[in-house]
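S.K.: Sharing data.txt below, compact mmCIF, C-alpha atoms:
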```
# COMPACT_ATOMS: atom_id res chain seq x y z
CA ASP W 1 -62.58 -41.50 -5.78
CA LYS W 2 -62.36 -40.88 -2.02
CA PRO W 3 -65.14 -42.88 -0.30
CA VAL W 4 -68.12 -41.05 1.19
CA PRO W 5 -69.09 -42.37 4.64
CA ARG W 6 -72.55 -43.91 4.83
CA ALA W 7 -73.37 -41.77 7.89
CA ILE W 8 -72.97 -38.59 5.84
CA ILE W 9 -75.22 -39.91 3.05
CA GLU W 10 -77.89 -40.91 5.57
CA GLU W 11 -77.71 -37.46 7.13
CA GLU W 12 -78.14 -35.80 3.74
CA LEU W 13 -81.12 -38.00 2.88
CA THR W 14 -82.71 -37.23 6.25
CA LEU W 15 -82.44 -33.50 5.53
CA ALA W 16 -83.60 -33.85 1.93
CA MET W 17 -86.70 -35.84 2.83
CA ARG W 18 -88.05 -32.84 4.75
CA SER W 19 -88.73 -31.19 1.39
CA PRO W 20 -92.36 -30.43 0.48
CA THR W 21 -94.45 -33.28 -0.95
CA SER W 22 -98.00 -33.18 -2.27
CA MET W 23 -100.46 -34.43 0.37
CA ASN W 24 -97.44 -35.95 2.18
CA THR W 25 -97.35 -38.78 -0.39
CA GLN W 26 -93.52 -38.99 -0.27
CA PRO W 27 -93.35 -40.96 -3.55
CA TRP W 28 -89.55 -41.14 -3.67
CA HIS W 29 -87.13 -44.01 -3.23
CA PHE W 30 -83.33 -43.73 -3.15
CA HIS W 31 -80.96 -46.49 -4.22
CA VAL W 32 -77.46 -45.60 -3.02
CA ILE W 33 -74.92 -47.53 -5.10
CA THR W 34 -71.17 -47.83 -4.53
CA GLY W 35 -68.34 -50.31 -5.10
CA GLU W 36 -68.69 -53.32 -7.38
CA PRO W 37 -72.42 -52.86 -8.23
CA LEU W 38 -71.66 -49.32 -9.40
CA ASP W 39 -68.70 -50.54 -11.45
CA ARG W 40 -70.97 -53.12 -13.14
CA ILE W 41 -73.47 -50.38 -13.99
CA ARG W 42 -70.71 -48.19 -15.44
CA LYS W 43 -69.45 -51.11 -17.55
CA GLY W 44 -72.92 -52.12 -18.74
CA ASN W 45 -73.91 -48.54 -19.61
CA THR W 46 -70.70 -47.96 -21.58
CA GLU W 47 -70.89 -51.26 -23.47
CA ARG W 48 -74.51 -50.73 -24.52
CA ILE W 49 -73.92 -47.14 -25.63
CA LEU W 50 -70.84 -48.05 -27.69
CA ALA W 51 -72.81 -50.94 -29.21
CA GLY W 52 -75.47 -48.48 -30.39
CA GLU W 53 -78.23 -49.63 -28.03
CA PRO W 54 -81.11 -47.11 -28.07
CA ASP W 55 -82.09 -45.05 -25.06
CA SER W 56 -84.27 -47.10 -22.69
CA ARG W 57 -84.86 -44.63 -19.87
CA GLU W 58 -88.22 -44.94 -18.15
CA PHE W 59 -89.06 -41.33 -17.31
CA ARG W 60 -90.57 -39.29 -20.15
CA ARG W 61 -88.14 -36.90 -21.84
CA GLY W 62 -90.45 -35.23 -24.37
CA GLU W 63 -89.53 -33.84 -27.77
CA PRO W 64 -85.96 -32.75 -28.62
CA PHE W 65 -85.13 -29.21 -27.51
CA ALA W 66 -85.64 -26.43 -30.06
CA GLY W 67 -85.41 -22.65 -30.18
CA ILE W 68 -84.16 -20.90 -27.05
CA HIS W 69 -84.04 -24.16 -25.07
CA ARG W 70 -81.71 -25.71 -27.64
CA GLU W 71 -79.61 -22.54 -27.62
CA ARG W 72 -79.17 -22.81 -23.85
CA GLN W 73 -78.24 -26.49 -24.14
CA ILE W 74 -75.59 -25.64 -26.73
CA GLY W 75 -74.42 -22.68 -24.65
CA VAL W 76 -73.54 -24.71 -21.56
CA ALA W 77 -71.89 -27.37 -23.74
CA LYS W 78 -69.65 -24.68 -25.22
CA GLN W 79 -68.77 -23.49 -21.72
CA LEU W 80 -67.82 -27.00 -20.62
CA PHE W 81 -65.91 -27.91 -23.79
CA GLY W 82 -64.09 -24.58 -23.65
CA ALA W 83 -63.02 -25.19 -20.05
CA MET W 84 -61.84 -28.70 -20.92
CA GLY W 85 -60.05 -27.60 -24.08
CA ILE W 86 -62.15 -29.91 -26.27
CA GLU W 87 -62.24 -28.70 -29.86
CA ARG W 88 -65.37 -29.06 -31.97
CA ASP W 89 -63.75 -31.52 -34.38
CA ASP W 90 -62.07 -33.65 -31.67
CA LYS W 91 -64.43 -36.63 -31.83
CA GLU W 92 -62.39 -38.78 -29.46
CA LYS W 93 -62.41 -36.27 -26.61
CA ARG W 94 -66.05 -35.37 -27.22
CA GLN W 95 -67.03 -39.04 -27.01
CA ASP W 96 -64.99 -39.50 -23.83
CA TRP W 97 -66.81 -36.53 -22.31
CA VAL W 98 -70.19 -38.05 -23.16
CA LEU W 99 -69.17 -41.44 -21.75
CA ARG W 100 -68.23 -39.78 -18.44
CA GLY W 101 -71.93 -39.20 -17.89
CA PHE W 102 -72.72 -42.88 -18.48
CA ARG W 103 -70.01 -43.73 -15.95
CA GLN W 104 -71.63 -41.40 -13.40
CA PHE W 105 -68.66 -39.04 -13.82
CA ASP W 106 -66.49 -41.65 -12.08
CA ALA W 107 -67.91 -40.54 -8.72
CA PRO W 108 -67.70 -43.02 -5.79
CA VAL W 109 -71.45 -42.84 -5.11
CA CYS W 110 -74.51 -42.90 -7.34
CA VAL W 111 -77.98 -42.21 -5.93
CA ILE W 112 -80.79 -43.47 -8.15
CA VAL W 113 -84.03 -41.56 -7.56
CA ALA W 114 -87.18 -43.62 -8.27
CA TYR W 115 -90.87 -43.28 -7.48
CA ASP W 116 -93.84 -45.60 -6.98
CA ARG W 117 -95.16 -46.78 -10.34
CA GLU W 118 -98.76 -46.62 -9.10
CA LEU W 119 -98.37 -42.81 -9.05
CA SER W 120 -97.37 -42.62 -12.72
CA GLY W 121 -99.34 -39.97 -14.60
CA SER W 122 -99.44 -37.51 -11.73
CA ASP W 123 -97.62 -34.22 -12.27
CA ASP W 124 -97.23 -33.90 -8.50
CA THR W 125 -94.99 -36.98 -8.30
CA PRO W 126 -92.11 -35.77 -10.54
CA PHE W 127 -92.45 -32.33 -8.94
CA ASP W 128 -91.97 -33.90 -5.50
CA CYS W 129 -89.01 -35.95 -6.74
CA GLY W 130 -87.42 -32.84 -8.23
CA ALA W 131 -87.82 -31.01 -4.92
CA VAL W 132 -86.29 -33.81 -2.85
CA THR W 133 -83.41 -34.22 -5.32
CA THR W 134 -82.62 -30.50 -5.15
CA ALA W 135 -82.71 -30.70 -1.36
CA LEU W 136 -80.36 -33.70 -1.48
CA VAL W 137 -77.86 -31.78 -3.61
CA ASN W 138 -78.01 -28.74 -1.32
CA ALA W 139 -77.51 -30.94 1.74
CA ALA W 140 -74.51 -32.58 0.07
CA TRP W 141 -72.97 -29.22 -0.83
CA SER W 142 -73.37 -28.09 2.79
CA ARG W 143 -71.15 -31.04 3.77
CA GLY W 144 -68.50 -30.21 1.18
CA LEU W 145 -69.63 -32.80 -1.38
CA GLY W 146 -70.22 -32.24 -5.06
CA CYS W 147 -73.15 -33.58 -7.08
CA VAL W 148 -74.25 -33.93 -10.69
CA ILE W 149 -77.95 -34.58 -11.34
CA ASN W 150 -78.01 -36.52 -14.60
CA SER W 151 -79.98 -38.70 -16.99
CA GLN W 152 -77.07 -40.40 -18.75
CA GLY W 153 -76.56 -42.78 -15.84
CA ILE W 154 -80.10 -44.16 -16.11
CA MET W 155 -80.62 -44.05 -19.88
CA GLN W 156 -79.86 -47.79 -19.98
CA SER W 157 -82.44 -48.52 -17.27
CA PRO W 158 -82.34 -52.35 -17.60
CA VAL W 159 -78.65 -52.28 -16.62
CA VAL W 160 -79.35 -50.05 -13.63
CA ARG W 161 -82.38 -52.05 -12.50
CA GLU W 162 -80.49 -55.36 -12.71
CA HIS W 163 -77.35 -54.38 -10.82
CA ALA W 164 -79.04 -52.08 -8.30
CA GLY W 165 -81.87 -54.53 -7.60
CA ILE W 166 -84.60 -51.95 -8.17
CA PRO W 167 -88.08 -53.55 -8.00
CA GLU W 168 -90.42 -53.34 -10.98
CA GLU W 169 -93.03 -51.40 -8.99
CA GLN W 170 -90.69 -48.39 -9.01
CA VAL W 171 -90.02 -46.08 -11.96
CA ILE W 172 -86.38 -45.04 -12.38
CA MET W 173 -86.35 -41.25 -12.70
CA LYS W 174 -82.92 -39.66 -12.23
CA ALA W 175 -79.39 -40.29 -11.04
CA VAL W 176 -77.20 -38.16 -8.79
CA ALA W 177 -73.43 -38.66 -8.99
CA LEU W 178 -71.96 -37.77 -5.60
CA GLY W 179 -68.41 -37.39 -4.32
CA TRP W 180 -65.70 -35.05 -3.05
CA PRO W 181 -65.04 -32.28 -5.62
CA ASP W 182 -61.75 -32.18 -7.51
CA GLU W 183 -60.93 -28.47 -7.50
CA SER W 184 -58.28 -28.99 -10.18
CA PHE W 185 -60.79 -30.37 -12.72
CA PRO W 186 -61.49 -27.46 -15.15
CA ALA W 187 -65.18 -28.26 -15.72
CA ASN W 188 -65.87 -27.89 -11.99
CA ALA W 189 -65.17 -24.15 -12.29
CA VAL W 190 -67.85 -23.64 -14.95
CA VAL W 191 -70.87 -21.63 -13.82
CA SER W 192 -73.77 -22.12 -16.22
CA GLU W 193 -75.51 -18.99 -17.45
CA ARG W 194 -79.02 -18.13 -16.22
CA LYS W 195 -81.60 -15.85 -17.77
CA PRO W 196 -82.28 -12.70 -15.71
CA VAL W 197 -85.13 -12.49 -13.20
CA ASN W 198 -86.92 -9.86 -15.29
CA GLU W 199 -87.10 -12.38 -18.14
CA ALA W 200 -88.31 -15.26 -15.97
CA ALA W 201 -90.72 -13.48 -13.61
CA ARG W 202 -93.64 -11.07 -13.70
CA PHE W 203 -94.51 -9.03 -10.65
CA VAL W 204 -98.20 -8.24 -10.22
CA ASP W 205 -97.90 -5.45 -7.67
CA ILE W 206 -100.73 -4.06 -5.59
CA GLU W 207 -99.83 -0.55 -6.75
CA HIS W 208 -100.96 -1.54 -10.24
CA LEU W 209 -104.39 -2.39 -8.90
CA ALA W 210 -105.08 0.70 -6.79
CA PRO W 211 -103.46 4.11 -6.29
CA GLY W 212 -101.26 4.42 -3.24
CA VAL W 213 -98.14 5.96 -1.83
CA ARG W 214 -95.12 3.80 -1.27
CA ALA W 215 -93.11 4.54 1.85
CA LYS W 216 -89.80 6.23 1.16
CA ARG W 217 -86.67 4.29 1.87
CA GLY W 218 -83.95 6.09 3.77
CA GLU W 219 -80.60 6.72 2.16
CA ARG W 220 -77.89 4.21 2.98
CA LEU W 221 -74.22 4.44 2.19
CA PRO W 222 -72.55 1.25 0.94
CA VAL W 223 -70.24 -0.55 3.34
CA VAL W 224 -66.68 -0.74 2.04
CA LEU W 225 -64.16 -3.14 3.57
CA SER W 226 -60.75 -1.84 4.54
CA ILE W 227 -57.65 -3.44 2.96
CA PRO W 228 -56.88 -5.49 6.12
CA GLU W 229 -60.51 -6.64 6.29
CA THR W 230 -60.41 -7.63 2.62
CA MET W 231 -57.18 -9.59 3.06
CA ALA W 232 -58.59 -11.35 6.14
CA LEU W 233 -61.65 -12.33 4.12
CA LEU W 234 -59.52 -13.70 1.28
CA ASP W 235 -57.29 -15.59 3.71
CA ALA W 236 -60.38 -17.31 5.17
CA MET W 237 -61.28 -18.72 1.74
CA SER W 238 -59.75 -21.62 -0.17
CA GLY W 239 -59.95 -23.51 -3.45
CA THR W 240 -61.98 -22.19 -6.39
CA PRO W 241 -63.90 -19.53 -4.35
CA ARG W 242 -60.53 -18.13 -3.14
CA LEU W 243 -59.15 -18.01 -6.68
CA MET W 244 -62.27 -16.29 -8.05
CA ALA W 245 -62.41 -13.76 -5.19
CA GLY W 246 -58.73 -12.93 -5.69
CA LEU W 247 -59.22 -12.39 -9.43
CA ILE W 248 -62.29 -10.21 -8.88
CA TYR W 249 -60.57 -8.10 -6.21
CA GLY W 250 -57.15 -7.85 -7.83
CA GLY W 251 -58.38 -7.39 -11.39
CA GLY W 252 -61.47 -5.27 -10.74
CA LEU W 253 -63.62 -7.85 -12.52
CA ARG W 254 -67.35 -8.21 -12.35
CA VAL W 255 -68.59 -11.58 -11.09
CA SER W 256 -69.97 -12.40 -14.55
CA GLU W 257 -66.62 -11.54 -16.15
CA CYS W 258 -64.77 -13.82 -13.74
CA CYS W 259 -67.20 -16.69 -14.37
CA GLU W 260 -66.64 -16.40 -18.13
CA LEU W 261 -62.82 -16.45 -17.97
CA ARG W 262 -61.09 -19.14 -20.01
CA ILE W 263 -57.60 -20.57 -19.66
CA LYS W 264 -56.47 -18.68 -22.74
CA ASP W 265 -57.50 -15.40 -21.07
CA LEU W 266 -54.75 -15.85 -18.45
CA ASP W 267 -51.04 -15.06 -18.91
CA PHE W 268 -49.40 -17.06 -16.11
CA ASP W 269 -45.86 -15.89 -17.01
CA GLN W 270 -46.68 -12.21 -16.53
CA GLY W 271 -49.53 -12.66 -14.04
CA LEU W 272 -52.02 -10.89 -16.30
CA VAL W 273 -55.67 -11.36 -17.22
```
Show me, as structure tokens, the structure contained in the file I just sent.

M.R.:
Amino acid sequence: DKPVPRAIIEEELTLAMRSPTSMNTQPWHFHVITGEPLDRIRKGNTERILAGEPDSREFRRGEPFAGIHRERQIGVAKQLFGAMGIERDDKEKRQDWVLRGFRQFDAPVCVIVAYDRELSGSDDTPFDCGAVTTALVNAAWSRGLGCVINSQGIMQSPVVREHAGIPEEQVIMKAVALGWPDESFPANAVVSERKPVNEAARFVDIEHLAPGVRAKRGERLPVVLSIPETMALLDAMSGTPRLMAGLIYGGGLRVSECCELRIKDLDFDQGLV
């Protein structure tokens, strides 16, 4: 809940708005909300959800996920619930987790991303907004801030539009919760799984089109840090990255194995994994 200075947010937006945009249309608008207006949005979102009000978000969501996309959605939920110690049949904790999203994860800043309604129907517009939002998150991370791009915070769009004063000629697209990370919060250590590059990408190489000889690459021995160099590197780190690096180095873990560790995998009394 530590405040984020306006100067830092303006700097991040300045960097983000250099992201590519189709024909330089720059369709985006940012509504940076803090303090009492944000509290009113949190309250209104929560009340409407608990009252059973249907989703009223303005940006198209499409059909419910199925197949592999549903499996990935369930997979990251299991990672998060596992980190938080939320059991499958614990309805109270599961509901509290869901409501965190509608409260913008209790972050001190919420950035609502909107675009000009006159550009509705163009695939370029949401693509541009996605690019600028990603750039905003990267700029925030470079300043030590944490972000969560989310839809829960804008699912009750009338509440958001009222308390944020968003004009009708703009379509509310996404929300970004922004604040200083709490390294002690278990969910912040979760690293979502990603499919491998060879599953996501095809490489159409010139050597498949015409015969040729590829230049040979010279042999190169791997660089291995000495023990003092390794300790100096670990001493220069802090927080979650320091903990993960120490576990990987001390336990001989792969990065993927470290990312998948759960609390129950650790024996704090004996110092064992």

S.K.: For Ser56 of chain W, which of W:Met17, W:Ala201, W:Ala7, W:Ile172 is the closest residue, counting only C-alpha atoms?

M.R.: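 Once distances to Ser56 of chain W are computed over only C-alpha atoms, the minimum belongs to W:Ile172.
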
S.K.: Report, in Å to a single decimal, how far apart atom CA of Ser157 of chain W and atom CA of Arg57 of chain W are.

M.R.: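 If I compute the distance from atom CA of Arg57 of chain W to atom CA of Ser157 of chain W, I get 5.3 Å.
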
S.K.: Just the number, please: distance in Å from atom CA of Leu15 of chain W to atom CA of Ala131 of chain W, one decimal.

M.R.: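 A separation of 12.0 Å between them.
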
S.K.: Please report the interatomic distance between atom CA of Leu99 of chain W and atom CA of Arg42 of chain W in Å with one decimal.

M.R.: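 That distance, rounded to one decimal, is 9.4 Å.
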
S.K.: Taking all atoms listed in the file into account, name the residue in W:Ala189, W:Ile154, W:Ala66, W:Leu266 that is nearest to Val111 of chain W.

M.R.: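 Using all atoms listed in the file, Val111 of chain W sits closest to W:Ile154.
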
S.K.: Using all atoms listed in the file, pick whichever of W:Leu272, W:Val159, W:Cys258, W:Met23 has the shortest atom-to-atom distance to Glu53 of chain W.

M.R.: W:Val159

S.K.: Kindly indicate which residue among W:Ile68, W:Leu119, W:Ala245, W:Val32 lies nearest to Ala164 of chain W, using all atoms listed in the file for the distances.

M.R.: W:Val32

S.K.: Which residue out of W:Ile8, W:Ile112, W:Ala187, W:Ile86 has the minimum interatomic distance to Leu38 of chain W when all atoms listed in the file are used?

M.R.: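 Closest residue, counting all atoms listed in the file: W:Ile112.
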
S.K.: So for segment 142-154 of chain W, what box centre and size do we get, axis-aligned, 8 Å extra on each of the six sides, every listed atom, Å to one decimal, as JSON?

M.R.:
```
{"center_x": -74.3, "center_y": -36.1, "center_z": -7.5, "size_x": 27.6, "size_y": 32.1, "size_z": 38.5}
```

S.K.: Near Glu169 of chain W, counting only C-alpha atoms, which residues have an atom at most 10 Å away, once you skip same-chain residues fewer than 5 positions from it, shown as a PyMOL selection string?

M.R.: chain W and resi 114-118

S.K.: Output C-alpha atoms for every residue in that selection, as a CSV table (one decimal), in the frame of the given file.

M.R.:
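Contents of result37.csv, freshly written:
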```csv
chain,number,residue,atom,x,y,z
W,114,ALA,CA,-87.2,-43.6,-8.3
W,115,TYR,CA,-90.9,-43.3,-7.5
W,116,ASP,CA,-93.8,-45.6,-7.0
W,117,ARG,CA,-95.2,-46.8,-10.3
W,118,GLU,CA,-98.8,-46.6,-9.1
```

S.K.: Between W:Ile41, W:Thr21, W:Pro196, W:Gly250, which residue has the minimum interatomic distance to Gly101 of chain W, considering all atoms listed in the file?

M.R.: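 Checking each candidate against Gly101 of chain W, we get W:Ile41 as the closest.
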
S.K.: Considering all atoms listed in the file, return as a list in words whatever protein or nucleic-acid residues lie within 12 Å of Phe30 of chain W, sequence-local ones (same chain, fewer than 5 positions apart) excluded.

M.R.: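 In the requested format, the answer is Ile9, Glu10, Glu12, Leu13, Thr14, Ala16, Met17, Cys110, Val111, Ile112, Val113, Ala114, Tyr115, Asp116, Cys129, Val132, Thr133, Leu136, Ala164, Gly165, Ile166, Pro167, Gln170, Val171, Ile172, Met173, Lys174, Ala175 and Val176 of chain W.
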
S.K.: Starting from the sparse input, extend segment 124-135 of chain W to all heavy atoms and give the output as a short mmCIF file (atom, residue, chain, number, x, y, z; two decimals), in the coordinates of the input.

M.R.:
```
data_model
loop_
_atom_site.label_atom_id
_atom_site.label_comp_id
_atom_site.auth_asym_id
_atom_site.auth_seq_id
_atom_site.Cartn_x
_atom_site.Cartn_y
_atom_site.Cartn_z
N ASP W 124 -97.75 -34.17 -9.83
CA ASP W 124 -97.23 -33.90 -8.50
C ASP W 124 -96.02 -34.79 -8.17
O ASP W 124 -95.09 -34.36 -7.49
CB ASP W 124 -98.31 -34.14 -7.44
CG ASP W 124 -99.38 -33.06 -7.43
OD1 ASP W 124 -99.05 -31.90 -7.76
OD2 ASP W 124 -100.54 -33.37 -7.11
N THR W 125 -96.04 -36.03 -8.66
CA THR W 125 -94.99 -36.98 -8.30
C THR W 125 -93.61 -36.56 -8.80
O THR W 125 -92.67 -36.48 -8.01
CB THR W 125 -95.35 -38.38 -8.82
OG1 THR W 125 -96.55 -38.82 -8.17
CG2 THR W 125 -94.23 -39.37 -8.54
N PRO W 126 -93.44 -36.24 -10.11
CA PRO W 126 -92.11 -35.77 -10.54
C PRO W 126 -91.73 -34.44 -9.91
O PRO W 126 -90.55 -34.17 -9.67
CB PRO W 126 -92.23 -35.67 -12.07
CG PRO W 126 -93.69 -35.66 -12.35
CD PRO W 126 -94.34 -36.43 -11.26
N PHE W 127 -92.74 -33.59 -9.62
CA PHE W 127 -92.45 -32.33 -8.94
C PHE W 127 -91.86 -32.61 -7.55
O PHE W 127 -90.85 -32.01 -7.15
CB PHE W 127 -93.73 -31.51 -8.81
CG PHE W 127 -93.51 -30.12 -8.26
CD1 PHE W 127 -93.28 -29.05 -9.10
CD2 PHE W 127 -93.52 -29.89 -6.89
CE1 PHE W 127 -93.05 -27.77 -8.60
CE2 PHE W 127 -93.30 -28.62 -6.38
CZ PHE W 127 -93.07 -27.55 -7.23
N ASP W 128 -92.47 -33.53 -6.83
CA ASP W 128 -91.97 -33.90 -5.50
C ASP W 128 -90.56 -34.48 -5.58
O ASP W 128 -89.69 -34.19 -4.76
CB ASP W 128 -92.90 -34.92 -4.84
CG ASP W 128 -94.22 -34.31 -4.39
OD1 ASP W 128 -94.38 -33.09 -4.51
OD2 ASP W 128 -95.08 -35.08 -3.92
N CYS W 129 -90.33 -35.34 -6.60
CA CYS W 129 -89.01 -35.95 -6.74
C CYS W 129 -87.95 -34.90 -7.10
O CYS W 129 -86.80 -34.99 -6.65
CB CYS W 129 -89.04 -37.05 -7.80
SG CYS W 129 -89.94 -38.53 -7.27
N GLY W 130 -88.34 -33.92 -7.91
CA GLY W 130 -87.42 -32.84 -8.23
C GLY W 130 -87.06 -32.03 -6.99
O GLY W 130 -85.89 -31.66 -6.78
N ALA W 131 -88.06 -31.78 -6.14
CA ALA W 131 -87.82 -31.01 -4.92
C ALA W 131 -86.88 -31.76 -3.98
O ALA W 131 -85.94 -31.18 -3.43
CB ALA W 131 -89.15 -30.71 -4.23
N VAL W 132 -87.12 -33.05 -3.79
CA VAL W 132 -86.29 -33.81 -2.85
C VAL W 132 -84.87 -34.00 -3.40
O VAL W 132 -83.89 -34.01 -2.64
CB VAL W 132 -86.94 -35.17 -2.51
CG1 VAL W 132 -86.75 -36.18 -3.62
CG2 VAL W 132 -86.39 -35.72 -1.20
N THR W 133 -84.74 -34.09 -4.72
CA THR W 133 -83.41 -34.22 -5.32
C THR W 133 -82.62 -32.92 -5.17
O THR W 133 -81.42 -32.94 -4.85
CB THR W 133 -83.51 -34.60 -6.80
OG1 THR W 133 -84.25 -35.83 -6.92
CG2 THR W 133 -82.13 -34.80 -7.42
N THR W 134 -83.28 -31.79 -5.37
CA THR W 134 -82.62 -30.50 -5.15
C THR W 134 -82.19 -30.36 -3.70
O THR W 134 -81.07 -29.91 -3.40
CB THR W 134 -83.55 -29.34 -5.53
OG1 THR W 134 -83.92 -29.46 -6.91
CG2 THR W 134 -82.88 -28.00 -5.31
N ALA W 135 -83.05 -30.76 -2.78
CA ALA W 135 -82.71 -30.70 -1.36
C ALA W 135 -81.53 -31.61 -1.04
O ALA W 135 -80.67 -31.26 -0.22
CB ALA W 135 -83.93 -31.09 -0.51
#
```
